[in-house]
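Shown here: start.txt, compact mmCIF, C-alpha atoms (C1' of nucleotides).
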# COMPACT_ATOMS: atom_id res chain seq x y z
CA MET V 1045 118.92 2.00 138.87
CA LYS V 1046 120.86 1.29 135.69
CA ASN V 1047 118.77 1.13 132.56
CA LYS V 1048 119.18 -2.25 130.94
CA THR V 1049 122.56 -3.83 130.61
CA GLY V 1050 124.24 -0.78 132.07
CA GLU V 1051 125.17 0.92 128.83
CA ALA V 1052 124.90 4.57 127.85
CA GLU V 1053 121.32 5.74 128.26
CA THR V 1054 121.88 9.47 129.01
CA ALA V 1055 119.16 12.12 129.11
CA LEU V 1056 117.83 12.19 132.67
CA THR V 1057 115.35 14.86 133.66
CA VAL V 1058 116.30 17.19 136.47
CA GLN V 1059 114.20 15.13 138.86
CA ALA V 1060 115.92 11.93 137.87
CA ALA V 1061 119.30 13.57 138.10
CA ALA V 1062 118.43 14.80 141.57
CA ALA V 1063 117.37 11.33 142.62
CA GLN V 1064 120.56 9.85 141.30
CA THR V 1065 123.00 12.41 142.65
CA GLY V 1066 121.31 12.97 145.97
CA LEU V 1067 121.24 16.71 145.38
CA SER V 1068 117.96 18.54 145.28
CA VAL V 1069 116.44 19.77 142.03
CA HIS V 1070 116.92 23.29 143.37
CA THR V 1071 120.56 22.67 144.08
CA LEU V 1072 121.21 21.23 140.63
CA ARG V 1073 119.77 24.32 139.00
CA TYR V 1074 121.60 26.54 141.45
CA TYR V 1075 124.92 24.86 140.61
CA GLU V 1076 124.31 25.35 136.94
CA ARG V 1077 123.35 28.97 137.36
CA ALA V 1078 126.45 29.50 139.45
CA GLY V 1079 128.49 28.18 136.57
CA LEU V 1080 129.69 25.07 138.37
CA ILE V 1081 128.30 22.65 135.86
CA PRO V 1082 129.31 23.09 132.26
CA SER V 1083 126.49 23.34 129.78
CA ILE V 1084 123.75 20.70 130.50
CA ARG V 1085 122.10 19.97 127.16
CA ARG V 1086 118.46 20.91 126.65
CA ASP V 1087 115.53 19.16 125.07
CA ASP V 1088 114.76 20.79 121.72
CA GLY V 1089 111.06 21.58 122.07
CA SER V 1090 110.67 22.18 125.77
CA GLY V 1091 114.06 23.54 126.76
CA HIS V 1092 114.12 21.10 129.70
CA ARG V 1093 117.48 19.93 131.02
CA ARG V 1094 118.69 16.52 129.89
CA TYR V 1095 121.50 15.21 132.07
CA GLN V 1096 123.99 12.97 130.34
CA ASP V 1097 126.27 10.45 131.99
CA ARG V 1098 129.24 12.75 131.87
CA ASP V 1099 127.20 15.49 133.57
CA LEU V 1100 126.37 13.13 136.39
CA THR V 1101 129.97 12.02 136.66
CA PHE V 1102 131.08 15.60 136.92
CA ILE V 1103 128.39 16.39 139.47
CA GLU V 1104 129.66 13.52 141.58
CA PHE V 1105 133.06 15.11 141.47
CA LEU V 1106 131.60 18.46 142.48
CA LYS V 1107 129.96 16.71 145.41
CA ARG V 1108 133.36 15.46 146.48
CA LEU V 1109 134.71 18.96 146.42
CA ARG V 1110 131.80 20.30 148.44
CA THR V 1111 131.93 17.42 150.92
CA THR V 1112 135.53 18.27 151.54
CA GLY V 1113 134.71 21.89 152.18
CA MET V 1114 135.76 23.61 149.00
CA PRO V 1115 133.82 26.87 148.82
CA ILE V 1116 131.49 27.48 145.90
CA SER V 1117 133.62 30.41 144.77
CA GLU V 1118 136.62 28.15 144.32
CA MET V 1119 134.57 25.58 142.48
CA GLN V 1120 133.46 28.38 140.18
CA ARG V 1121 137.07 29.19 139.51
CA TYR V 1122 137.77 25.56 138.71
CA ALA V 1123 134.81 25.39 136.34
CA ASP V 1124 135.93 28.61 134.66
CA LEU V 1125 139.33 27.10 134.04
CA MET V 1126 137.76 24.02 132.55
CA ARG V 1127 135.81 26.18 130.15
CA GLN V 1128 139.03 27.78 129.03
CA GLY V 1129 140.34 24.44 127.88
CA ASN V 1130 143.59 22.62 128.07
CA ILE V 1131 145.90 25.53 128.63
CA THR V 1132 144.59 25.74 132.19
CA MET V 1133 145.36 22.17 133.13
CA GLU V 1134 148.33 23.08 135.25
CA GLU V 1135 146.40 25.60 137.27
CA ARG V 1136 143.54 23.19 137.79
CA LYS V 1137 145.94 20.53 138.92
CA ALA V 1138 147.54 23.00 141.32
CA MET V 1139 144.12 23.84 142.75
CA LEU V 1140 143.41 20.21 143.38
CA GLU V 1141 146.79 19.70 144.97
CA ALA V 1142 146.22 22.60 147.32
CA HIS V 1143 142.81 21.26 148.15
CA ARG V 1144 144.21 17.79 148.72
CA GLU V 1145 146.40 19.20 151.47
CA ARG V 1146 143.47 20.90 153.10
CA VAL V 1147 141.54 17.65 153.04
CA ARG V 1148 144.42 15.78 154.62
CA LEU V 1149 144.55 18.37 157.36
CA GLN V 1150 140.83 18.10 157.87
CA ILE V 1151 141.06 14.35 158.24
CA ALA V 1152 143.87 14.68 160.76
CA GLU V 1153 141.84 17.20 162.74
CA LEU V 1154 138.79 15.02 162.71
CA GLN V 1155 140.81 12.07 163.88
CA ALA V 1156 142.27 14.06 166.75
CA SER V 1157 138.81 15.22 167.72
CA LEU V 1158 137.51 11.69 167.43
CA SER V 1159 140.15 10.54 169.88
CA ALA V 1160 139.17 13.27 172.30
CA ILE V 1161 135.52 12.28 172.05
CA GLU V 1162 136.33 8.63 172.53
CA TRP V 1163 138.43 9.44 175.54
CA LYS V 1164 135.52 11.40 177.00
CA ILE V 1165 133.17 8.48 176.42
CA GLU V 1166 135.57 6.15 178.17
CA ASN V 1167 135.59 8.59 181.04
CA TYR V 1168 131.86 8.25 181.35
CA ASP V 1169 132.41 4.51 181.47
CA ARG V 1170 135.15 4.68 184.07
CA LEU V 1171 133.42 7.05 186.46
CA GLY V 1172 130.22 5.43 185.34
CA LEU V 1173 127.14 5.25 187.47
CA GLU V 1174 128.99 5.28 190.78
CA GLN V 1175 130.78 8.61 190.96
CA ALA V 1176 130.13 11.55 188.72
CA VAL V 1177 132.80 14.21 188.45
CA SER V 1178 134.61 13.61 185.19
CA THR V 1179 138.13 14.70 184.49
CA SER V 1180 137.18 17.94 182.89
CA GLU V 1181 133.80 18.83 184.28
CA LYS V 1182 133.04 19.51 187.90
CA GLU V 1183 130.02 21.65 187.11
CA GLY V 1184 126.47 20.56 187.60
CA THR V 1185 124.60 20.47 190.93
CA ASN V 1186 124.79 24.26 191.41
CA GLY V 1187 121.51 25.50 190.01
CA ILE V 1188 122.86 28.12 187.64
CA LYS V 1189 120.42 28.41 184.74
CA MET Y 1457 152.61 30.87 176.90
CA LYS Y 1458 152.45 29.17 180.27
CA ASN Y 1459 152.87 31.46 183.26
CA LYS Y 1460 155.86 30.36 185.28
CA THR Y 1461 156.53 26.74 185.94
CA GLY Y 1462 153.27 25.80 184.29
CA GLU Y 1463 151.14 25.55 187.43
CA ALA Y 1464 147.61 26.78 188.10
CA GLU Y 1465 147.37 30.48 187.34
CA THR Y 1466 143.71 30.78 186.28
CA ALA Y 1467 141.92 34.09 185.69
CA LEU Y 1468 142.50 35.01 182.05
CA THR Y 1469 140.72 38.00 180.59
CA VAL Y 1470 138.46 37.41 177.64
CA GLN Y 1471 141.22 38.64 175.32
CA ALA Y 1472 143.73 36.25 176.79
CA ALA Y 1473 141.24 33.41 176.64
CA ALA Y 1474 140.59 34.23 173.00
CA ALA Y 1475 144.30 34.22 172.26
CA GLN Y 1476 144.72 30.90 173.98
CA THR Y 1477 141.71 29.10 172.52
CA GLY Y 1478 141.91 30.56 169.05
CA LEU Y 1479 138.29 31.65 169.23
CA SER Y 1480 137.43 35.32 168.88
CA VAL Y 1481 136.41 37.41 171.85
CA HIS Y 1482 133.03 37.76 170.19
CA THR Y 1483 132.68 34.04 169.83
CA LEU Y 1484 133.59 33.37 173.44
CA ARG Y 1485 130.89 35.73 174.63
CA TYR Y 1486 128.46 34.32 172.10
CA TYR Y 1487 129.08 30.78 173.34
CA GLU Y 1488 128.48 31.85 176.91
CA ARG Y 1489 125.29 33.70 176.03
CA ALA Y 1490 124.13 30.66 174.13
CA GLY Y 1491 124.59 28.62 177.27
CA LEU Y 1492 127.39 26.46 175.90
CA ILE Y 1493 129.89 27.41 178.56
CA PRO Y 1494 128.88 26.93 182.14
CA SER Y 1495 129.21 29.98 184.35
CA ILE Y 1496 132.55 31.84 183.73
CA ARG Y 1497 133.43 33.57 187.00
CA ARG Y 1498 133.49 37.37 187.11
CA ASP Y 1499 135.83 39.88 188.62
CA ASP Y 1500 134.26 41.40 191.72
CA GLY Y 1501 134.55 45.10 190.99
CA SER Y 1502 134.36 45.26 187.22
CA GLY Y 1503 132.20 42.28 186.36
CA HIS Y 1504 134.76 41.26 183.75
CA ARG Y 1505 135.07 37.60 182.85
CA ARG Y 1506 137.89 35.63 184.41
CA TYR Y 1507 138.54 32.38 182.61
CA GLN Y 1508 139.86 29.55 184.75
CA ASP Y 1509 141.79 26.52 183.56
CA ARG Y 1510 138.78 24.28 183.64
CA ASP Y 1511 136.85 26.79 181.52
CA LEU Y 1512 139.58 26.68 178.91
CA THR Y 1513 139.68 22.90 179.04
CA PHE Y 1514 135.97 22.76 178.47
CA ILE Y 1515 136.15 25.30 175.66
CA GLU Y 1516 138.74 23.11 173.97
CA PHE Y 1517 136.27 20.27 174.15
CA LEU Y 1518 133.56 22.46 172.68
CA LYS Y 1519 135.92 23.27 169.83
CA ARG Y 1520 136.28 19.57 169.17
CA LEU Y 1521 132.53 19.20 168.96
CA ARG Y 1522 132.24 22.16 166.58
CA THR Y 1523 135.16 21.02 164.45
CA THR Y 1524 133.42 17.73 164.02
CA GLY Y 1525 130.23 19.41 162.92
CA MET Y 1526 128.01 19.19 165.97
CA PRO Y 1527 125.40 21.94 165.64
CA ILE Y 1528 125.22 24.63 168.30
CA SER Y 1529 121.74 23.47 169.26
CA GLU Y 1530 123.05 20.06 170.18
CA MET Y 1531 125.91 21.52 172.14
CA GLN Y 1532 123.35 23.56 174.03
CA ARG Y 1533 121.52 20.37 174.87
CA TYR Y 1534 124.75 18.83 176.11
CA ALA Y 1535 125.52 21.84 178.26
CA ASP Y 1536 121.99 21.79 179.66
CA LEU Y 1537 122.44 18.20 180.69
CA MET Y 1538 125.72 19.03 182.39
CA ARG Y 1539 123.99 21.70 184.40
CA GLN Y 1540 121.45 19.15 185.57
CA GLY Y 1541 124.18 17.13 187.20
CA ASN Y 1542 125.07 13.50 187.43
CA ILE Y 1543 121.70 12.00 186.69
CA THR Y 1544 122.14 12.97 183.06
CA MET Y 1545 125.44 11.18 182.56
CA GLU Y 1546 123.92 8.35 180.58
CA GLU Y 1547 122.21 10.68 178.18
CA ARG Y 1548 125.36 12.73 177.70
CA LYS Y 1549 127.35 9.61 177.05
CA ALA Y 1550 124.73 8.50 174.52
CA MET Y 1551 124.98 11.85 172.77
CA LEU Y 1552 128.72 11.51 172.48
CA GLU Y 1553 128.41 7.97 171.22
CA ALA Y 1554 125.98 9.04 168.54
CA HIS Y 1555 128.27 11.87 167.61
CA ARG Y 1556 131.27 9.55 167.52
CA GLU Y 1557 129.54 7.55 164.80
CA ARG Y 1558 128.84 10.64 162.79
CA VAL Y 1559 132.47 11.63 163.05
CA ARG Y 1560 133.61 8.20 161.93
CA LEU Y 1561 131.32 8.48 158.94
CA GLN Y 1562 132.65 11.93 158.16
CA ILE Y 1563 136.20 10.66 158.21
CA ALA Y 1564 135.31 7.80 155.92
CA GLU Y 1565 133.60 10.20 153.52
CA LEU Y 1566 136.55 12.54 153.53
CA GLN Y 1567 138.91 9.69 152.85
CA ALA Y 1568 136.82 8.51 149.93
CA SER Y 1569 136.75 12.03 148.55
CA LEU Y 1570 140.46 12.38 149.10
CA SER Y 1571 141.02 9.27 147.00
CA ALA Y 1572 138.84 10.68 144.25
CA ILE Y 1573 140.78 13.93 144.29
CA GLU Y 1574 144.10 12.13 144.26
CA TRP Y 1575 142.95 10.03 141.35
CA LYS Y 1576 141.98 13.16 139.48
CA ILE Y 1577 145.37 14.71 140.15
CA GLU Y 1578 147.07 11.61 138.84
CA ASN Y 1579 144.94 11.92 135.75
CA TYR Y 1580 146.31 15.37 135.16
CA ASP Y 1581 149.76 13.84 135.47
CA ARG Y 1582 149.02 10.98 133.11
CA LEU Y 1583 147.39 13.00 130.37
CA GLY Y 1584 149.72 15.77 131.33
CA LEU Y 1585 150.93 18.38 128.94
CA GLU Y 1586 150.59 16.24 125.83
CA GLN Y 1587 146.92 15.40 125.48
CA ALA Y 1588 144.11 17.10 127.34
CA VAL Y 1589 140.79 15.32 127.61
CA SER Y 1590 140.66 13.75 131.05
CA THR Y 1591 138.56 10.76 131.94
CA SER Y 1592 135.59 12.77 133.10
CA GLU Y 1593 135.83 16.09 131.34
CA LYS Y 1594 135.60 16.66 127.65
CA GLU Y 1595 134.30 20.22 127.92
CA GLY Y 1596 136.34 23.26 127.25
CA THR Y 1597 137.04 24.87 123.87
CA ASN Y 1598 133.36 25.61 123.12
CA GLY Y 1599 132.97 29.22 124.19
CA ILE Y 1600 129.93 28.87 126.42
CA LYS Y 1601 130.13 31.52 129.12
C1' DC Q 1381 90.76 22.69 123.44
C1' DC Q 1382 92.00 22.48 128.04
C1' DT Q 1383 93.70 20.42 132.10
C1' DT Q 1384 97.57 18.35 134.34
C1' DG Q 1385 102.11 18.16 135.69
C1' DA Q 1386 106.80 18.67 135.12
C1' DC Q 1387 109.56 21.89 133.68
C1' DT Q 1388 111.62 27.02 133.04
C1' DT Q 1389 113.43 31.69 135.05
C1' DA Q 1390 114.85 35.51 138.25
C1' DG Q 1391 114.91 36.65 142.50
C1' DA Q 1392 113.42 36.48 147.46
C1' DG Q 1393 113.99 34.07 151.84
C1' DC Q 1394 116.12 31.20 155.29
C1' DA Q 1395 119.24 28.74 158.80
C1' DC Q 1396 123.46 28.78 160.67
C1' DG Q 1397 127.34 30.54 163.01
C1' DC Q 1398 129.40 33.88 163.84
C1' DT Q 1399 130.81 39.11 163.78
C1' DC Q 1400 130.12 43.66 164.66
C1' DT Q 1401 127.92 47.96 166.69
C1' DA Q 1402 126.27 51.19 170.04
C1' DA Q 1403 126.00 52.78 174.41
C1' DG Q 1404 127.86 52.53 178.65
C1' DG Q 1405 130.82 50.93 183.08
C1' DT Q 1406 135.49 50.28 185.47
C1' DG Q 1407 140.05 51.15 186.81
C1' DT Q 1408 144.82 52.55 186.33
C1' DA Q 1409 148.18 56.33 184.83
C1' DC Q 1410 149.17 60.79 184.66
C1' DG E 406 139.78 64.51 187.33
C1' DT E 407 140.19 63.01 182.88
C1' DA E 408 142.07 60.17 179.34
C1' DC E 409 142.55 55.71 177.94
C1' DA E 410 142.24 50.77 177.44
C1' DC E 411 139.39 47.23 178.12
C1' DC E 412 135.53 45.40 179.49
C1' DT E 413 130.02 44.92 179.62
C1' DT E 414 125.24 44.16 177.24
C1' DA E 415 121.45 43.55 173.80
C1' DG E 416 120.70 43.34 169.46
C1' DA E 417 121.63 44.16 164.48
C1' DG E 418 124.17 42.54 160.41
C1' DC E 419 126.62 39.38 157.42
C1' DG E 420 128.50 35.45 154.36
C1' DT E 421 127.52 30.99 152.80
C1' DG E 422 124.87 27.65 150.69
C1' DC E 423 121.15 26.41 149.76
C1' DT E 424 115.73 26.45 149.44
C1' DC E 425 111.63 28.23 148.01
C1' DT E 426 108.25 31.25 145.37
C1' DA E 427 105.92 33.33 141.52
C1' DA E 428 104.87 33.59 137.02
C1' DG E 429 105.06 31.47 132.91
C1' DT E 430 106.08 27.57 128.99
C1' DC E 431 105.45 23.12 127.01
C1' DA E 432 103.58 18.47 125.80
C1' DA E 433 100.70 14.68 126.43
C1' DG E 434 96.01 12.69 127.69
C1' DG E 435 91.10 12.90 127.86

This structure in structure tokens:
Amino acid sequence: MKNKTGEAETALTVQAAAAQTGLSVHTLRYYERAGLIPSIRRDDGSGHRRYQDRDLTFIEFLKRLRTTGMPISEMQRYADLMRQGNITMEERKAMLEAHRERVRLQIAELQASLSAIEWKIENYDRLGLEQAVSTSEKEGTNGIK
Amino acid sequence: MKNKTGEAETALTVQAAAAQTGLSVHTLRYYERAGLIPSIRRDDGSGHRRYQDRDLTFIEFLKRLRTTGMPISEMQRYADLMRQGNITMEERKAMLEAHRERVRLQIAELQASLSAIEWKIENYDRLGLEQAVSTSEKEGTNGIK
DNA sequence: CCTTGACTTAGAGCACGCTCTAAGGTGTAC
DNA sequence: GTACACCTTAGAGCGTGCTCTAAGTCAAGG
């Protein structure tokens, strides 16, 4: 959905920005109100939001943070630091480093869980349609409800 | 925290089960009420829950499903199927297979986000304490608030 | 001019997954 | 027998992250 030759076109409406980022219009406004997004420029007459390329780039980054489970409150802190300028670079970097570790842990946990799930699926294969009782479930058949 | 030589001891109280699984007492009862856990046996006189090894094993599996983002409603469906016995094995296996794909996707997404975060951290290193404006943020310094 | 439609705001509402409360039962220790 | 710890239940409450509503503004088209 690039404009012409892919050069700076800027100025998307909130709808267009929603379409492009995959967030809802509501969520975009919510993020801005929450102070996560710095400043979105407005159209002179109407006061409507006009998303520029750098806004969209930053929103993509915010999406990364959310995807990886960073709470809104921490993203607010990060955005606050950005607003304070360069003197906060170290702290921002430290936040990202801490978050990086959490993400690595998350990935490791998911991988362990994936293994467990795969193992369970293989169990269903092994004990397939002949026998039933799997290695960790001997329930069923007793009408509990 | 195994009992003696690590053999079958069964019969943990809800507190002990909570300690062992890392879930709260409240959550254990909530899961049972929600029909996620099949049956937990009760003490004759008091009616108190007595968690057996297989209960704990199954709870660990439930934790895997939750960790990987399976909604409670879907876990309820899975537990329902278990209660219906062996004829539902295929459907249960299908559920796990579908979930496995979602988990794989999640991991891929997390890894992509991790890369983005790492890249951003490296940016802070590169533009370090000398210059400030990073590749995707030229905010700051304009007192918005 | 006036309708249409996309936008604006502040604030209410909602789904999810717990988490806690209130009122009461059981059983062991003194 | 009574204090105490620990359990039971049904149901209310809560934090998070959206999601939606109501009331109003603006600009372009007929």

Wanna dump the chain V-chain Q contacts at 12 Å for me, each residue with its shortest atom pair and the distance in Å to one decimal, counting only C-alpha atoms (C1' of nucleotides), ordered by chain and number, as CSV?
residue,atom,partner,partner_atom,distance
V:Thr1057,CA,Q:DC1387,C1',9.1
V:Val1058,CA,Q:DC1387,C1',8.7
V:Gln1059,CA,Q:DA1386,C1',9.0
V:Ala1060,CA,Q:DA1386,C1',11.7
V:Val1069,CA,Q:DC1387,C1',11.0
V:Arg1073,CA,Q:DT1388,C1',10.5
V:Tyr1074,CA,Q:DT1389,C1',11.6
V:Arg1077,CA,Q:DT1389,C1',10.5
V:Arg1086,CA,Q:DT1388,C1',11.2
V:Asp1087,CA,Q:DC1387,C1',10.8
V:Gly1089,CA,Q:DC1387,C1',11.7
V:Ser1090,CA,Q:DC1387,C1',8.0
V:Gly1091,CA,Q:DT1388,C1',7.6
V:His1092,CA,Q:DC1387,C1',6.1
V:Arg1093,CA,Q:DC1387,C1',8.6
V:Arg1094,CA,Q:DC1387,C1',11.2

Using C-alpha atoms, can you write the selected residues to a file as a CSV table (one decimal), in the coordinates of the input?
chain,number,residue,atom,x,y,z
V,1057,THR,CA,115.4,14.9,133.7
V,1058,VAL,CA,116.3,17.2,136.5
V,1059,GLN,CA,114.2,15.1,138.9
V,1060,ALA,CA,115.9,11.9,137.9
V,1069,VAL,CA,116.4,19.8,142.0
V,1073,ARG,CA,119.8,24.3,139.0
V,1074,TYR,CA,121.6,26.5,141.4
V,1077,ARG,CA,123.4,29.0,137.4
V,1086,ARG,CA,118.5,20.9,126.6
V,1087,ASP,CA,115.5,19.2,125.1
V,1089,GLY,CA,111.1,21.6,122.1
V,1090,SER,CA,110.7,22.2,125.8
V,1091,GLY,CA,114.1,23.5,126.8
V,1092,HIS,CA,114.1,21.1,129.7
V,1093,ARG,CA,117.5,19.9,131.0
V,1094,ARG,CA,118.7,16.5,129.9

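Near chain Y, within 12 Å and using all atoms listed in the file, the residues of chain E are DC411, DC412, DT413, DT414 and DA415 of chain E.
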
Keeping only C-alpha atoms (C1' of nucleotides), write the selected residues as a short mmCIF file (atom, residue, chain, number, x, y, z; two decimals), in the coordinates of the input.
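Output file selection.cif is given in full below:
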data_model
loop_
_atom_site.label_atom_id
_atom_site.label_comp_id
_atom_site.auth_asym_id
_atom_site.auth_seq_id
_atom_site.Cartn_x
_atom_site.Cartn_y
_atom_site.Cartn_z
"C1'" DC E 411 139.39 47.23 178.12
"C1'" DC E 412 135.53 45.40 179.49
"C1'" DT E 413 130.02 44.92 179.62
"C1'" DT E 414 125.24 44.16 177.24
"C1'" DA E 415 121.45 43.55 173.80
#

*Quote the spacing between CA of Gln1064 in chain V and CA of Tyr1095 in chain V in Å to one decimal place.*
10.7 Å

*Could the residues of chain V within 7 Å of chain Y, counting all atoms listed in the file, be given as a VMD selection string, please?*
chain V and resid 1098 1101 to 1102 1108 1112 1126 to 1130 1137 1140 1144 1147 1151 1154 1157 to 1158 1161 1165 1168 1176 1180 1183 to 1185

*Quick one: pull the distance between CA of Arg1497 in chain Y and CA of Met1526 in chain Y, Å, one decimal.*
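CA of Arg1497 in chain Y sits 26.0 Å away from CA of Met1526 in chain Y.
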
*Which distance in Å separates CA of Gln1508 in chain Y and CA of Ala1490 in chain Y, to one decimal?*
19.0 Å

*Could you tell me which of V:Ala1055, V:Leu1067, V:Leu1080, V:Ala1061 comes closest to Ile1116 in chain V if we count all atoms listed in the file?*
V:Leu1080

Could you model N, CA, C and O atoms for range 1496-1511 of chain Y and present them as a PDB file, in the frame of the given file?
ATOM      1  N   ILE Y1496     131.396  30.920 183.609  1.00  0.00           N
ATOM      2  CA  ILE Y1496     132.550  31.840 183.730  1.00  0.00           C
ATOM      3  C   ILE Y1496     132.470  32.829 184.926  1.00  0.00           C
ATOM      4  O   ILE Y1496     131.581  33.683 184.982  1.00  0.00           O
ATOM      5  N   ARG Y1497     133.417  32.703 185.820  1.00  0.00           N
ATOM      6  CA  ARG Y1497     133.430  33.570 187.000  1.00  0.00           C
ATOM      7  C   ARG Y1497     133.737  35.010 186.596  1.00  0.00           C
ATOM      8  O   ARG Y1497     134.378  35.261 185.585  1.00  0.00           O
ATOM      9  N   ARG Y1498     133.265  35.959 187.411  1.00  0.00           N
ATOM     10  CA  ARG Y1498     133.490  37.370 187.110  1.00  0.00           C
ATOM     11  C   ARG Y1498     134.368  38.038 188.164  1.00  0.00           C
ATOM     12  O   ARG Y1498     134.327  37.672 189.338  1.00  0.00           O
ATOM     13  N   ASP Y1499     135.065  39.046 187.711  1.00  0.00           N
ATOM     14  CA  ASP Y1499     135.830  39.880 188.620  1.00  0.00           C
ATOM     15  C   ASP Y1499     134.854  40.657 189.504  1.00  0.00           C
ATOM     16  O   ASP Y1499     133.827  41.140 189.020  1.00  0.00           O
ATOM     17  N   ASP Y1500     135.198  40.790 190.786  1.00  0.00           N
ATOM     18  CA  ASP Y1500     134.260  41.400 191.720  1.00  0.00           C
ATOM     19  C   ASP Y1500     133.876  42.824 191.313  1.00  0.00           C
ATOM     20  O   ASP Y1500     132.709  43.118 191.078  1.00  0.00           O
ATOM     21  N   GLY Y1501     134.850  43.699 191.252  1.00  0.00           N
ATOM     22  CA  GLY Y1501     134.550  45.100 190.990  1.00  0.00           C
ATOM     23  C   GLY Y1501     133.981  45.357 189.611  1.00  0.00           C
ATOM     24  O   GLY Y1501     132.918  45.953 189.457  1.00  0.00           O
ATOM     25  N   SER Y1502     134.683  44.864 188.591  1.00  0.00           N
ATOM     26  CA  SER Y1502     134.360  45.260 187.220  1.00  0.00           C
ATOM     27  C   SER Y1502     133.317  44.391 186.539  1.00  0.00           C
ATOM     28  O   SER Y1502     132.719  44.803 185.563  1.00  0.00           O
ATOM     29  N   GLY Y1503     133.121  43.193 187.030  1.00  0.00           N
ATOM     30  CA  GLY Y1503     132.200  42.280 186.360  1.00  0.00           C
ATOM     31  C   GLY Y1503     132.804  41.651 185.130  1.00  0.00           C
ATOM     32  O   GLY Y1503     132.123  40.958 184.374  1.00  0.00           O
ATOM     33  N   HIS Y1504     134.077  41.862 184.906  1.00  0.00           N
ATOM     34  CA  HIS Y1504     134.760  41.260 183.750  1.00  0.00           C
ATOM     35  C   HIS Y1504     134.928  39.759 183.939  1.00  0.00           C
ATOM     36  O   HIS Y1504     135.105  39.276 185.044  1.00  0.00           O
ATOM     37  N   ARG Y1505     134.894  39.056 182.803  1.00  0.00           N
ATOM     38  CA  ARG Y1505     135.070  37.600 182.850  1.00  0.00           C
ATOM     39  C   ARG Y1505     136.491  37.225 183.268  1.00  0.00           C
ATOM     40  O   ARG Y1505     137.462  37.884 182.858  1.00  0.00           O
ATOM     41  N   ARG Y1506     136.584  36.174 184.047  1.00  0.00           N
ATOM     42  CA  ARG Y1506     137.890  35.630 184.410  1.00  0.00           C
ATOM     43  C   ARG Y1506     137.896  34.138 184.118  1.00  0.00           C
ATOM     44  O   ARG Y1506     137.291  33.342 184.831  1.00  0.00           O
ATOM     45  N   TYR Y1507     138.555  33.780 183.028  1.00  0.00           N
ATOM     46  CA  TYR Y1507     138.540  32.380 182.610  1.00  0.00           C
ATOM     47  C   TYR Y1507     139.528  31.553 183.418  1.00  0.00           C
ATOM     48  O   TYR Y1507     140.707  31.881 183.517  1.00  0.00           O
ATOM     49  N   GLN Y1508     139.022  30.458 183.984  1.00  0.00           N
ATOM     50  CA  GLN Y1508     139.860  29.550 184.750  1.00  0.00           C
ATOM     51  C   GLN Y1508     140.300  28.383 183.853  1.00  0.00           C
ATOM     52  O   GLN Y1508     139.735  28.169 182.785  1.00  0.00           O
ATOM     53  N   ASP Y1509     141.256  27.643 184.335  1.00  0.00           N
ATOM     54  CA  ASP Y1509     141.790  26.520 183.560  1.00  0.00           C
ATOM     55  C   ASP Y1509     140.690  25.567 183.104  1.00  0.00           C
ATOM     56  O   ASP Y1509     140.674  25.119 181.961  1.00  0.00           O
ATOM     57  N   ARG Y1510     139.807  25.254 184.030  1.00  0.00           N
ATOM     58  CA  ARG Y1510     138.780  24.280 183.640  1.00  0.00           C
ATOM     59  C   ARG Y1510     137.837  24.841 182.581  1.00  0.00           C
ATOM     60  O   ARG Y1510     137.318  24.106 181.744  1.00  0.00           O
ATOM     61  N   ASP Y1511     137.652  26.173 182.585  1.00  0.00           N
ATOM     62  CA  ASP Y1511     136.850  26.790 181.520  1.00  0.00           C
ATOM     63  C   ASP Y1511     137.539  26.568 180.179  1.00  0.00           C
ATOM     64  O   ASP Y1511     136.912  26.166 179.199  1.00  0.00           O
TER      65      ASP Y1511
END
